[in-house]
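Undergrad: Below is the file my_file-v9.cif, with mmCIF, C-alpha atoms.
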```
data_work
loop_
_atom_site.group_PDB
_atom_site.id
_atom_site.type_symbol
_atom_site.label_atom_id
_atom_site.label_comp_id
_atom_site.auth_asym_id
_atom_site.auth_seq_id
_atom_site.Cartn_x
_atom_site.Cartn_y
_atom_site.Cartn_z
ATOM 1 C CA MET A 26 5.058 20.790 -14.570
ATOM 2 C CA SER A 27 5.349 22.343 -17.994
ATOM 3 C CA SER A 28 4.949 19.123 -19.968
ATOM 4 C CA VAL A 29 3.693 15.592 -19.461
ATOM 5 C CA PRO A 30 6.576 13.198 -18.724
ATOM 6 C CA CYS A 31 7.012 9.999 -20.690
ATOM 7 C CA ILE A 32 7.173 7.223 -18.084
ATOM 8 C CA VAL A 33 8.552 3.737 -18.707
ATOM 9 C CA PHE A 34 8.103 0.817 -16.317
ATOM 10 C CA ILE A 35 10.550 -2.075 -16.325
ATOM 11 C CA GLY A 36 8.512 -4.848 -14.744
ATOM 12 C CA GLY A 37 4.734 -5.012 -14.968
ATOM 13 C CA GLY A 38 3.866 -6.330 -11.507
ATOM 14 C CA ASN A 39 1.433 -5.061 -8.881
ATOM 15 C CA MET A 40 3.277 -1.866 -7.958
ATOM 16 C CA CYS A 41 3.693 -0.936 -11.611
ATOM 17 C CA GLU A 42 -0.018 -1.537 -12.142
ATOM 18 C CA ALA A 43 -0.924 0.618 -9.147
ATOM 19 C CA ILE A 44 1.110 3.534 -10.500
ATOM 20 C CA VAL A 45 -0.157 3.136 -14.082
ATOM 21 C CA SER A 46 -3.753 2.986 -12.876
ATOM 22 C CA GLY A 47 -3.259 6.095 -10.756
ATOM 23 C CA LEU A 48 -1.598 8.007 -13.591
ATOM 24 C CA LEU A 49 -4.397 7.229 -16.035
ATOM 25 C CA LYS A 50 -7.109 8.123 -13.511
ATOM 26 C CA THR A 51 -5.537 11.569 -13.059
ATOM 27 C CA GLY A 52 -5.472 12.193 -16.804
ATOM 28 C CA HIS A 53 -1.963 11.135 -17.753
ATOM 29 C CA PRO A 54 -2.118 10.102 -21.429
ATOM 30 C CA ALA A 55 -1.592 6.452 -22.346
ATOM 31 C CA SER A 56 0.698 7.672 -25.129
ATOM 32 C CA HIS A 57 3.189 8.671 -22.426
ATOM 33 C CA ILE A 58 3.303 5.314 -20.634
ATOM 34 C CA ARG A 59 5.215 2.170 -21.631
ATOM 35 C CA VAL A 60 5.681 -1.110 -19.775
ATOM 36 C CA SER A 61 7.999 -4.070 -20.206
ATOM 37 C CA GLU A 62 6.805 -7.411 -18.895
ATOM 38 C CA PRO A 63 8.290 -10.869 -19.597
ATOM 39 C CA PHE A 64 5.123 -12.962 -19.269
ATOM 40 C CA ASP A 65 2.744 -13.097 -22.243
ATOM 41 C CA GLN A 66 -0.433 -13.450 -20.186
ATOM 42 C CA ARG A 67 0.474 -10.466 -18.024
ATOM 43 C CA GLN A 68 1.370 -8.434 -21.111
ATOM 44 C CA GLU A 69 -2.044 -9.070 -22.614
ATOM 45 C CA TYR A 70 -3.802 -8.219 -19.349
ATOM 46 C CA LEU A 71 -2.004 -4.874 -19.052
ATOM 47 C CA ARG A 72 -2.706 -3.998 -22.686
ATOM 48 C CA LYS A 73 -6.421 -4.803 -22.441
ATOM 49 C CA THR A 74 -6.925 -3.221 -19.029
ATOM 50 C CA TYR A 75 -4.987 0.022 -19.504
ATOM 51 C CA SER A 76 -4.589 0.438 -23.298
ATOM 52 C CA VAL A 77 -0.850 1.127 -23.013
ATOM 53 C CA ASP A 78 2.084 -0.235 -24.983
ATOM 54 C CA VAL A 79 3.526 -3.339 -23.325
ATOM 55 C CA PHE A 80 6.777 -4.868 -24.560
ATOM 56 C CA GLY A 81 8.523 -8.155 -23.975
ATOM 57 C CA SER A 82 11.836 -6.350 -24.489
ATOM 58 C CA ASN A 83 13.158 -3.995 -21.817
ATOM 59 C CA ASP A 84 15.233 -2.115 -24.386
ATOM 60 C CA GLN A 85 12.239 -1.522 -26.635
ATOM 61 C CA ALA A 86 10.233 -0.252 -23.700
ATOM 62 C CA VAL A 87 12.933 2.297 -22.871
ATOM 63 C CA THR A 88 13.360 3.545 -26.432
ATOM 64 C CA GLY A 89 9.772 3.113 -27.629
ATOM 65 C CA SER A 90 10.991 1.286 -30.711
ATOM 66 C CA GLY A 91 8.107 -0.578 -32.322
ATOM 67 C CA GLY A 92 5.477 0.981 -30.100
ATOM 68 C CA SER A 93 1.984 1.403 -31.520
ATOM 69 C CA ILE A 94 0.786 3.970 -28.963
ATOM 70 C CA SER A 95 3.855 5.461 -27.309
ATOM 71 C CA THR A 96 7.052 6.557 -29.068
ATOM 72 C CA CYS A 97 8.014 9.499 -26.837
ATOM 73 C CA ALA A 98 11.545 9.827 -25.491
ATOM 74 C CA PRO A 99 11.665 8.541 -21.908
ATOM 75 C CA ASP A 100 11.738 11.131 -19.131
ATOM 76 C CA VAL A 101 11.410 8.634 -16.272
ATOM 77 C CA VAL A 102 12.269 4.926 -16.153
ATOM 78 C CA VAL A 103 10.856 3.071 -13.149
ATOM 79 C CA LEU A 104 12.663 -0.135 -12.203
ATOM 80 C CA ALA A 105 10.090 -2.499 -10.689
ATOM 81 C CA VAL A 106 11.722 -5.927 -10.901
ATOM 82 C CA LYS A 107 12.819 -8.518 -8.354
ATOM 83 C CA PRO A 108 16.066 -7.722 -6.501
ATOM 84 C CA GLN A 109 17.567 -11.020 -7.621
ATOM 85 C CA VAL A 110 17.420 -10.047 -11.317
ATOM 86 C CA VAL A 111 17.856 -6.281 -11.156
ATOM 87 C CA GLY A 112 21.587 -6.355 -11.905
ATOM 88 C CA GLU A 113 21.068 -8.346 -15.084
ATOM 89 C CA VAL A 114 18.130 -6.151 -16.104
ATOM 90 C CA VAL A 115 19.976 -2.867 -15.606
ATOM 91 C CA ARG A 116 23.071 -4.112 -17.428
ATOM 92 C CA GLY A 117 20.812 -5.120 -20.306
ATOM 93 C CA ILE A 118 19.339 -1.622 -20.722
ATOM 94 C CA SER A 119 22.446 0.351 -19.759
ATOM 95 C CA SER A 120 23.190 1.491 -23.327
ATOM 96 C CA SER A 121 19.632 2.754 -23.799
ATOM 97 C CA LEU A 122 19.699 4.560 -20.448
ATOM 98 C CA LEU A 123 22.998 6.259 -21.313
ATOM 99 C CA ALA A 124 21.704 7.252 -24.736
ATOM 100 C CA THR A 125 18.423 8.731 -23.477
ATOM 101 C CA GLN A 126 19.527 9.806 -19.948
ATOM 102 C CA PRO A 127 16.119 9.688 -18.236
ATOM 103 C CA LEU A 128 15.534 9.903 -14.513
ATOM 104 C CA VAL A 129 15.841 6.335 -13.211
ATOM 105 C CA MET A 130 13.603 5.511 -10.250
ATOM 106 C CA SER A 131 14.101 2.234 -8.417
ATOM 107 C CA ILE A 132 11.457 0.631 -6.238
ATOM 108 C CA VAL A 133 13.714 -2.414 -5.776
ATOM 109 C CA ALA A 134 14.262 -2.983 -2.059
ATOM 110 C CA GLY A 135 17.786 -3.274 -0.719
ATOM 111 C CA VAL A 136 19.758 -2.156 -3.791
ATOM 112 C CA ALA A 137 21.986 0.898 -3.382
ATOM 113 C CA ILE A 138 22.377 3.712 -5.889
ATOM 114 C CA LYS A 139 26.105 3.012 -6.242
ATOM 115 C CA ASP A 140 25.256 -0.455 -7.575
ATOM 116 C CA PHE A 141 22.780 0.903 -10.110
ATOM 117 C CA ALA A 142 25.442 3.380 -11.222
ATOM 118 C CA ARG A 143 28.012 0.575 -11.507
ATOM 119 C CA TRP A 144 25.718 -1.548 -13.661
ATOM 120 C CA ILE A 145 24.710 1.377 -15.882
ATOM 121 C CA HIS A 146 28.276 2.558 -16.439
ATOM 122 C CA GLN A 147 29.845 -0.874 -16.912
ATOM 123 C CA ASN A 148 30.965 -0.021 -20.473
ATOM 124 C CA ASP A 149 30.772 3.764 -20.356
ATOM 125 C CA SER A 150 34.235 5.311 -20.517
ATOM 126 C CA ALA A 151 32.696 8.790 -20.725
ATOM 127 C CA ASN A 152 30.898 8.240 -17.406
ATOM 128 C CA ARG A 153 27.801 10.093 -18.611
ATOM 129 C CA PRO A 154 25.428 11.027 -15.773
ATOM 130 C CA VAL A 155 22.196 9.123 -15.310
ATOM 131 C CA PRO A 156 20.166 10.620 -12.436
ATOM 132 C CA LEU A 157 18.931 8.074 -9.908
ATOM 133 C CA VAL A 158 16.182 8.070 -7.276
ATOM 134 C CA ARG A 159 15.441 5.297 -4.804
ATOM 135 C CA LEU A 160 11.762 5.027 -3.936
ATOM 136 C CA MET A 161 10.496 2.956 -1.019
ATOM 137 C CA PRO A 162 6.704 2.508 -1.340
ATOM 138 C CA ASN A 163 4.521 0.065 0.564
ATOM 139 C CA THR A 164 1.718 -2.325 -0.297
ATOM 140 C CA PRO A 165 -1.198 -0.035 0.688
ATOM 141 C CA ALA A 166 -0.212 1.773 -2.512
ATOM 142 C CA LEU A 167 -2.265 -0.930 -4.221
ATOM 143 C CA VAL A 168 -5.419 0.630 -2.742
ATOM 144 C CA GLY A 169 -4.261 4.243 -3.056
ATOM 145 C CA GLU A 170 -3.297 4.551 0.618
ATOM 146 C CA GLY A 171 0.466 4.229 0.385
ATOM 147 C CA ALA A 172 3.299 5.921 2.225
ATOM 148 C CA ALA A 173 6.715 6.379 0.647
ATOM 149 C CA GLY A 174 10.187 7.796 1.068
ATOM 150 C CA MET A 175 12.626 8.875 -1.641
ATOM 151 C CA TYR A 176 16.328 9.609 -1.934
ATOM 152 C CA ALA A 177 17.941 11.386 -4.898
ATOM 153 C CA ASP A 178 21.574 11.309 -5.950
ATOM 154 C CA ASN A 179 23.470 14.465 -6.844
ATOM 155 C CA ASP A 180 22.656 14.231 -10.568
ATOM 156 C CA VAL A 181 18.903 14.637 -9.990
ATOM 157 C CA THR A 182 17.643 18.120 -10.878
ATOM 158 C CA ASP A 183 14.800 19.991 -9.196
ATOM 159 C CA LYS A 184 12.655 19.346 -12.275
ATOM 160 C CA GLN A 185 13.352 15.619 -12.013
ATOM 161 C CA LYS A 186 12.453 15.657 -8.322
ATOM 162 C CA LYS A 187 9.094 17.082 -9.360
ATOM 163 C CA GLN A 188 8.767 14.267 -11.898
ATOM 164 C CA ALA A 189 9.504 11.711 -9.172
ATOM 165 C CA GLU A 190 6.848 13.287 -6.954
ATOM 166 C CA TYR A 191 4.429 13.217 -9.890
ATOM 167 C CA VAL A 192 4.922 9.445 -10.110
ATOM 168 C CA VAL A 193 4.711 8.709 -6.394
ATOM 169 C CA CYS A 194 1.708 10.932 -5.613
ATOM 170 C CA ASN A 195 -0.427 8.468 -7.564
ATOM 171 C CA ILE A 196 0.191 5.707 -5.019
ATOM 172 C CA ALA A 197 1.083 7.456 -1.749
ATOM 173 C CA LYS A 198 -0.965 9.736 0.486
ATOM 174 C CA GLU A 199 2.222 10.612 2.401
ATOM 175 C CA TYR A 200 5.656 10.842 0.778
ATOM 176 C CA PHE A 201 8.912 12.444 1.834
ATOM 177 C CA TRP A 202 12.479 13.014 0.667
ATOM 178 C CA VAL A 203 15.247 11.739 2.924
ATOM 179 C CA ASP A 204 18.693 13.323 3.096
ATOM 180 C CA SER A 205 20.808 10.168 2.953
ATOM 181 C CA GLU A 206 20.522 6.736 1.424
ATOM 182 C CA SER A 207 20.530 5.183 4.884
ATOM 183 C CA GLY A 208 17.268 7.045 5.378
ATOM 184 C CA VAL A 209 15.695 4.752 2.775
ATOM 185 C CA ASP A 210 16.437 1.821 5.098
ATOM 186 C CA ALA A 211 14.700 3.684 7.928
ATOM 187 C CA VAL A 212 11.682 4.299 5.667
ATOM 188 C CA CYS A 213 11.661 0.591 4.825
ATOM 189 C CA ALA A 214 11.638 -0.250 8.540
ATOM 190 C CA ILE A 215 8.783 2.136 9.363
ATOM 191 C CA SER A 216 6.450 2.199 6.356
ATOM 192 C CA GLY A 217 7.879 -0.202 3.777
ATOM 193 C CA SER A 218 7.477 -3.242 6.020
ATOM 194 C CA GLY A 219 5.110 -1.481 8.419
ATOM 195 C CA PRO A 220 1.830 -2.825 6.991
ATOM 196 C CA ALA A 221 2.828 -6.322 8.120
ATOM 197 C CA TYR A 222 3.262 -5.086 11.705
ATOM 198 C CA PHE A 223 -0.305 -3.818 11.717
ATOM 199 C CA PHE A 224 -1.564 -6.983 10.022
ATOM 200 C CA LEU A 225 0.024 -8.949 12.885
ATOM 201 C CA VAL A 226 -1.816 -6.843 15.483
ATOM 202 C CA LEU A 227 -5.096 -7.053 13.557
ATOM 203 C CA GLU A 228 -4.666 -10.807 13.208
ATOM 204 C CA ALA A 229 -4.313 -11.144 16.984
ATOM 205 C CA MET A 230 -7.297 -8.862 17.631
ATOM 206 C CA GLU A 231 -9.489 -10.754 15.173
ATOM 207 C CA LYS A 232 -8.483 -14.110 16.660
ATOM 208 C CA THR A 233 -9.277 -12.908 20.168
ATOM 209 C CA GLY A 234 -12.605 -11.446 19.078
ATOM 210 C CA VAL A 235 -13.609 -14.827 17.662
ATOM 211 C CA GLU A 236 -12.552 -16.537 20.900
ATOM 212 C CA MET A 237 -14.799 -14.068 22.740
ATOM 213 C CA GLY A 238 -17.777 -15.077 20.613
ATOM 214 C CA LEU A 239 -17.807 -12.580 17.732
ATOM 215 C CA PRO A 240 -18.261 -13.836 14.158
ATOM 216 C CA ALA A 241 -14.927 -13.778 12.314
ATOM 217 C CA GLU A 242 -16.078 -11.168 9.768
ATOM 218 C CA VAL A 243 -17.390 -8.884 12.519
ATOM 219 C CA ALA A 244 -14.150 -9.176 14.510
ATOM 220 C CA LYS A 245 -12.075 -8.466 11.395
ATOM 221 C CA ARG A 246 -14.054 -5.406 10.358
ATOM 222 C CA LEU A 247 -14.228 -3.954 13.852
ATOM 223 C CA ALA A 248 -10.466 -4.316 14.288
ATOM 224 C CA ALA A 249 -9.690 -2.926 10.822
ATOM 225 C CA GLN A 250 -11.992 0.081 11.163
ATOM 226 C CA THR A 251 -10.549 0.795 14.602
ATOM 227 C CA ALA A 252 -7.039 0.827 13.135
ATOM 228 C CA LEU A 253 -8.194 3.062 10.280
ATOM 229 C CA GLY A 254 -9.931 5.465 12.662
ATOM 230 C CA ALA A 255 -6.960 5.631 15.015
ATOM 231 C CA ALA A 256 -4.636 6.372 12.101
ATOM 232 C CA ARG A 257 -6.962 9.116 10.860
ATOM 233 C CA MET A 258 -6.940 10.695 14.334
ATOM 234 C CA VAL A 259 -3.131 10.690 14.353
ATOM 235 C CA LEU A 260 -2.970 12.341 10.929
ATOM 236 C CA THR A 261 -5.556 15.017 11.662
ATOM 237 C CA SER A 262 -4.829 15.876 15.307
ATOM 238 C CA ASP A 263 -2.337 18.449 16.573
ATOM 239 C CA ASP A 264 -1.615 16.160 19.532
ATOM 240 C CA ASP A 265 1.161 13.570 19.501
ATOM 241 C CA VAL A 266 0.430 9.863 19.618
ATOM 242 C CA ALA A 267 1.236 9.518 23.321
ATOM 243 C CA THR A 268 -1.298 12.234 24.180
ATOM 244 C CA LEU A 269 -3.980 10.618 22.051
ATOM 245 C CA ARG A 270 -3.354 7.303 23.797
ATOM 246 C CA SER A 271 -3.503 8.851 27.272
ATOM 247 C CA ARG A 272 -6.821 10.517 26.503
ATOM 248 C CA VAL A 273 -8.528 7.173 25.907
ATOM 249 C CA THR A 274 -6.792 5.445 28.824
ATOM 250 C CA SER A 275 -8.780 6.303 31.961
ATOM 251 C CA PRO A 276 -7.102 5.237 35.231
ATOM 252 C CA ASN A 277 -8.278 1.768 36.291
ATOM 253 C CA GLY A 278 -10.562 1.596 33.247
ATOM 254 C CA THR A 279 -10.868 -1.077 30.574
ATOM 255 C CA THR A 280 -8.309 0.449 28.197
ATOM 256 C CA HIS A 281 -5.906 0.967 31.115
ATOM 257 C CA ALA A 282 -6.144 -2.746 31.931
ATOM 258 C CA ALA A 283 -5.298 -3.654 28.319
ATOM 259 C CA ILE A 284 -2.399 -1.188 27.967
ATOM 260 C CA GLU A 285 -0.826 -2.139 31.298
ATOM 261 C CA THR A 286 -0.972 -5.816 30.324
ATOM 262 C CA MET A 287 0.652 -5.101 26.945
ATOM 263 C CA ILE A 288 3.407 -3.058 28.592
ATOM 264 C CA ALA A 289 4.005 -5.837 31.117
ATOM 265 C CA GLU A 290 4.272 -8.268 28.215
ATOM 266 C CA ARG A 291 6.872 -5.917 26.666
ATOM 267 C CA VAL A 292 4.862 -5.281 23.503
ATOM 268 C CA PRO A 293 6.465 -1.842 22.880
ATOM 269 C CA GLU A 294 9.954 -3.295 23.217
ATOM 270 C CA GLY A 295 9.039 -6.056 20.789
ATOM 271 C CA VAL A 296 7.899 -3.496 18.218
ATOM 272 C CA VAL A 297 11.115 -1.506 18.617
ATOM 273 C CA SER A 298 13.236 -4.649 18.221
ATOM 274 C CA GLY A 299 11.292 -5.698 15.150
ATOM 275 C CA VAL A 300 11.660 -2.305 13.450
ATOM 276 C CA LYS A 301 15.405 -2.285 14.163
ATOM 277 C CA ALA A 302 15.735 -5.845 12.824
ATOM 278 C CA CYS A 303 14.025 -4.753 9.623
ATOM 279 C CA ARG A 304 16.456 -1.884 9.129
ATOM 280 C CA ALA A 305 19.441 -4.162 9.808
ATOM 281 C CA ARG A 306 18.159 -6.615 7.197
ATOM 282 C CA CYS A 307 17.766 -3.786 4.671
ATOM 283 C CA THR A 308 21.416 -2.916 5.175
ATOM 284 C CA SER A 309 22.591 -6.525 4.832
ATOM 285 C CA LEU A 310 20.496 -7.010 1.691
ATOM 286 C CA SER A 311 22.176 -3.977 0.149
ATOM 287 C CA GLU A 312 25.552 -5.597 0.787
ATOM 288 C CA GLU A 313 24.387 -8.885 -0.744
ATOM 289 C CA PHE A 314 22.911 -7.334 -3.876
ATOM 290 C CA GLY A 315 26.011 -5.168 -4.258
ATOM 291 C CA LYS A 316 27.899 -8.343 -5.145
ATOM 292 C CA LEU A 317 25.682 -9.123 -8.141
#
```
Show me the file's structure as structure tokens.

TA:
Amino acid sequence: MSSVPCIVFIGGGNMCEAIVSGLLKTGHPASHIRVSEPFDQRQEYLRKTYSVDVFGSNDQAVTGSGGSISTCAPDVVVLAVKPQVVGEVVRGISSSLLATQPLVMSIVAGVAIKDFARWIHQNDSANRPVPLVRLMPNTPALVGEGAAGMYADNDVTDKQKKQAEYVVCNIAKEYFWVDSESGVDAVCAISGSGPAYFFLVLEAMEKTGVEMGLPAEVAKRLAAQTALGAARMVLTSDDDVATLRSRVTSPNGTTHAAIETMIAERVPEGVVSGVKACRARCTSLSEEFGKL
């Protein structure tokens, strides 16, 4: 990238903090970061911890008006607010977005690009373009181990795609562009909600380990490290997952006994049904939030 982008965050929650922390650690200047956050205590925490400008006003955060550290024109505005308030928030900053025309990145689950466009252009007879990207991260981003998917509308330039990647690479080890907005729902079903699936499995493994006589902390750490190691094998091996599984499943051995029992209990089918239910809920949420 030829220049450092000025990045504004609307909403100063955990995901915002993860991205800001990652940006600063990689040398992004604090003068090119602004945050809006409604709660005074959180504002003060972000200021003291990261030495960036934090505003109570969303509009001021976008424009940089009144900033003591950052007054740069916004290149990227990241929407990181609750889905229930995003319509009101975007309507409130629509004039500033139209005036500055930054790349707008949403990490708000279940809200379609067409709805962001509708809120932004509510009073815009000229229909000026505001490029939009939907980003679906996941909670391991908070420890620098995230996975993410992104979708860009037709107004997003190649340069702006690079800016979006610049933002997301600070929280995700794996990130990909999808070709359609429905692909964002698929990303949500696989990686967005995926950590909870693995937490459920780890919870069951830990519980069983304790029942078998292991201390709770030992059972937890053994299960977690096993999951981490298995994931690392998947990411570094040329073999597919089924092959990796077969290689540790000797006929009539201990692993074989476990896998056969899980198959008999229809564990794989339960996972498939759960992932599909997640995607269906993503779609229905988009319809609900589209009415805001």

Undergrad: Give me the residues within 8 Å of Leu122 (chain A) as number ranges by chain, counting all atoms listed in the file and dropping any in the same chain fewer than 5 places off.

TA: A: 87, 127, 145, 155

Undergrad: Go ahead and write the residues just picked, C-alpha atoms, as a PDB file, in the frame of the given file.

TA:
```pdb
ATOM      1  CA  VAL A  87      12.933   2.297 -22.871  1.00  0.00           C
ATOM      2  CA  PRO A 127      16.119   9.688 -18.236  1.00  0.00           C
ATOM      3  CA  ILE A 145      24.710   1.377 -15.882  1.00  0.00           C
ATOM      4  CA  VAL A 155      22.196   9.123 -15.310  1.00  0.00           C
TER       5      VAL A 155
END
```

Undergrad: Between A:Ser298, A:Met175, A:Asn195, A:Ala229, which one has atoms that come closest to Ser207 (chain A), using only C-alpha atoms?

TA: A:Met175

Undergrad: Once 8 Å is added on each side, what are the centre and the three edge lengths, in Å to one decimal, of the axis-aligned box enclosing the listed atoms of region 95-104 of chain A? Present them as JSON.

TA:
```
{"center_x": 8.3, "center_y": 5.5, "center_z": -20.6, "size_x": 24.8, "size_y": 27.3, "size_z": 32.9}
```

Undergrad: Would you kindly translate the PyMOL selection byres ((chain A and resi 200-205) around 10) into the concrete residues it picks from this file, as a list in words?

TA: Arg159, Leu160, Met161, Pro162, Gly171, Ala172, Ala173, Gly174, Met175, Tyr176, Ala177, Asp178, Lys186, Glu190, Val193, Cys194, Ile196, Ala197, Lys198, Glu199, Glu206, Ser207, Gly208, Val209, Asp210, Ala211 and Val212 of chain A

Undergrad: Would you mind listing what lies within 12 Å of Ala142 (chain A) as a list of chain:residue names, with all atoms listed in the file counted and same-chain residues fewer than 2 positions away left out?

TA: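 Neighbouring residues, sequence-local ones excluded: A:Gly112, A:Val115, A:Arg116, A:Ser119, A:Leu122, A:Leu123, A:Val129, A:Ser131, A:Val136, A:Ala137, A:Ile138, A:Lys139, A:Asp140, A:Trp144, A:Ile145, A:His146, A:Gln147, A:Asn148, A:Asp149, A:Asn152, A:Arg153, A:Pro154, A:Val155, A:Pro156, A:Leu157, A:Val158, A:Asp178, A:Asp180, A:Gly315.
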
Undergrad: Only C-alpha atoms, please: the residues just picked out, written as a compact mmCIF listing (two decimals), in the frame of the given file.

TA:
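part-v3.txt, written as the output of this step:
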```txt
# COMPACT_ATOMS: atom_id res chain seq x y z
CA GLY A 112 21.59 -6.36 -11.90
CA VAL A 115 19.98 -2.87 -15.61
CA ARG A 116 23.07 -4.11 -17.43
CA SER A 119 22.45 0.35 -19.76
CA LEU A 122 19.70 4.56 -20.45
CA LEU A 123 23.00 6.26 -21.31
CA VAL A 129 15.84 6.34 -13.21
CA SER A 131 14.10 2.23 -8.42
CA VAL A 136 19.76 -2.16 -3.79
CA ALA A 137 21.99 0.90 -3.38
CA ILE A 138 22.38 3.71 -5.89
CA LYS A 139 26.10 3.01 -6.24
CA ASP A 140 25.26 -0.46 -7.58
CA TRP A 144 25.72 -1.55 -13.66
CA ILE A 145 24.71 1.38 -15.88
CA HIS A 146 28.28 2.56 -16.44
CA GLN A 147 29.84 -0.87 -16.91
CA ASN A 148 30.96 -0.02 -20.47
CA ASP A 149 30.77 3.76 -20.36
CA ASN A 152 30.90 8.24 -17.41
CA ARG A 153 27.80 10.09 -18.61
CA PRO A 154 25.43 11.03 -15.77
CA VAL A 155 22.20 9.12 -15.31
CA PRO A 156 20.17 10.62 -12.44
CA LEU A 157 18.93 8.07 -9.91
CA VAL A 158 16.18 8.07 -7.28
CA ASP A 178 21.57 11.31 -5.95
CA ASP A 180 22.66 14.23 -10.57
CA GLY A 315 26.01 -5.17 -4.26
```

Undergrad: Could you tell me how far CA of Val77 (chain A) lies from CA of Ala55 (chain A), in Å and to one decimal?

TA: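 Between CA of Val77 (chain A) and CA of Ala55 (chain A) the gap is 5.4 Å.
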
Undergrad: So which residues get picked by the PyMOL selection byres ((chain A and resi 89) around 10) here, written as a list in words?

TA: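 Answer for the PyMOL selection byres ((chain A and resi 89) around 10): Val33, Ile58, Arg59, Val60, Asp78, Val79, Phe80, Asn83, Asp84, Gln85, Ala86, Val87, Thr88, Ser90, Gly91, Gly92, Ser93, Ile94, Ser95, Thr96, Cys97, Ala98 and Pro99 of chain A.
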
Undergrad: Which residues match the PyMOL selection byres ((chain A and resi 245-247) around 8) in the file above, as a PyMOL selection string?

TA: chain A and resi 227-228+230-231+241-244+248-251

Undergrad: Quick one: residues within 12 Å of Lys184 (chain A), all atoms listed in the file, excluding same-chain residues fewer than 4 positions away - as an mmCIF file with C-alpha atoms, in the frame of the given file?

TA:
```cif
data_model
loop_
_atom_site.group_PDB
_atom_site.id
_atom_site.type_symbol
_atom_site.label_atom_id
_atom_site.label_comp_id
_atom_site.auth_asym_id
_atom_site.auth_seq_id
_atom_site.Cartn_x
_atom_site.Cartn_y
_atom_site.Cartn_z
ATOM 1 C CA MET A 26 5.058 20.790 -14.570
ATOM 2 C CA SER A 27 5.349 22.343 -17.994
ATOM 3 C CA SER A 28 4.949 19.123 -19.968
ATOM 4 C CA PRO A 30 6.576 13.198 -18.724
ATOM 5 C CA ASP A 100 11.738 11.131 -19.131
ATOM 6 C CA VAL A 101 11.410 8.634 -16.272
ATOM 7 C CA PRO A 127 16.119 9.688 -18.236
ATOM 8 C CA LEU A 128 15.534 9.903 -14.513
ATOM 9 C CA PRO A 156 20.166 10.620 -12.436
ATOM 10 C CA ASP A 180 22.656 14.231 -10.568
ATOM 11 C CA GLN A 188 8.767 14.267 -11.898
ATOM 12 C CA ALA A 189 9.504 11.711 -9.172
ATOM 13 C CA GLU A 190 6.848 13.287 -6.954
ATOM 14 C CA TYR A 191 4.429 13.217 -9.890
#
```

Undergrad: What's the separation between CA of Gly36 (chain A) and CA of Gln185 (chain A), in Å to one decimal place?

TA: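 Here the two named atoms are 21.2 Å from each other.
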
Undergrad: Write out as a list in words which residues come within 10 Å of region 269-282 of chain A when counting only C-alpha atoms, dropping same-chain ones fewer than 6 positions away.

TA: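 Using only C-alpha atoms, the neighbours found are Ala255, Met258, Val259, Ser262 and Asp263 of chain A.
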
Undergrad: Can you measure CA of Val168 (chain A) to CA of His57 (chain A) for me? One decimal in Å is fine.

TA: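 Answer for the CA of Val168 (chain A) to CA of His57 (chain A) separation: 22.9 Å.
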
Undergrad: As a ChimeraX atom specification, please: the residues near Ala105 (chain A) (cut-off 10 Å, all atoms listed in the file, same-chain neighbours under 6 positions excluded).

TA: /A:34-41,61,111,130-134

Undergrad: I'd like to know which of A:Thr268, A:Thr286, A:Ser311, A:Ser82 is closest to Gly117 (chain A), using all atoms listed in the file.

TA: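 Using all atoms listed in the file, the shortest distance to Gly117 (chain A) belongs to A:Ser82.
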
Undergrad: Using only C-alpha atoms, which of the listed residues (A:Pro108, A:Pro293, A:Gly299, A:Gly47) sits closest to Leu167 (chain A)?

TA: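 Of A:Pro108, A:Pro293, A:Gly299, A:Gly47, the one nearest Leu167 (chain A) is A:Gly47, counting only C-alpha atoms.
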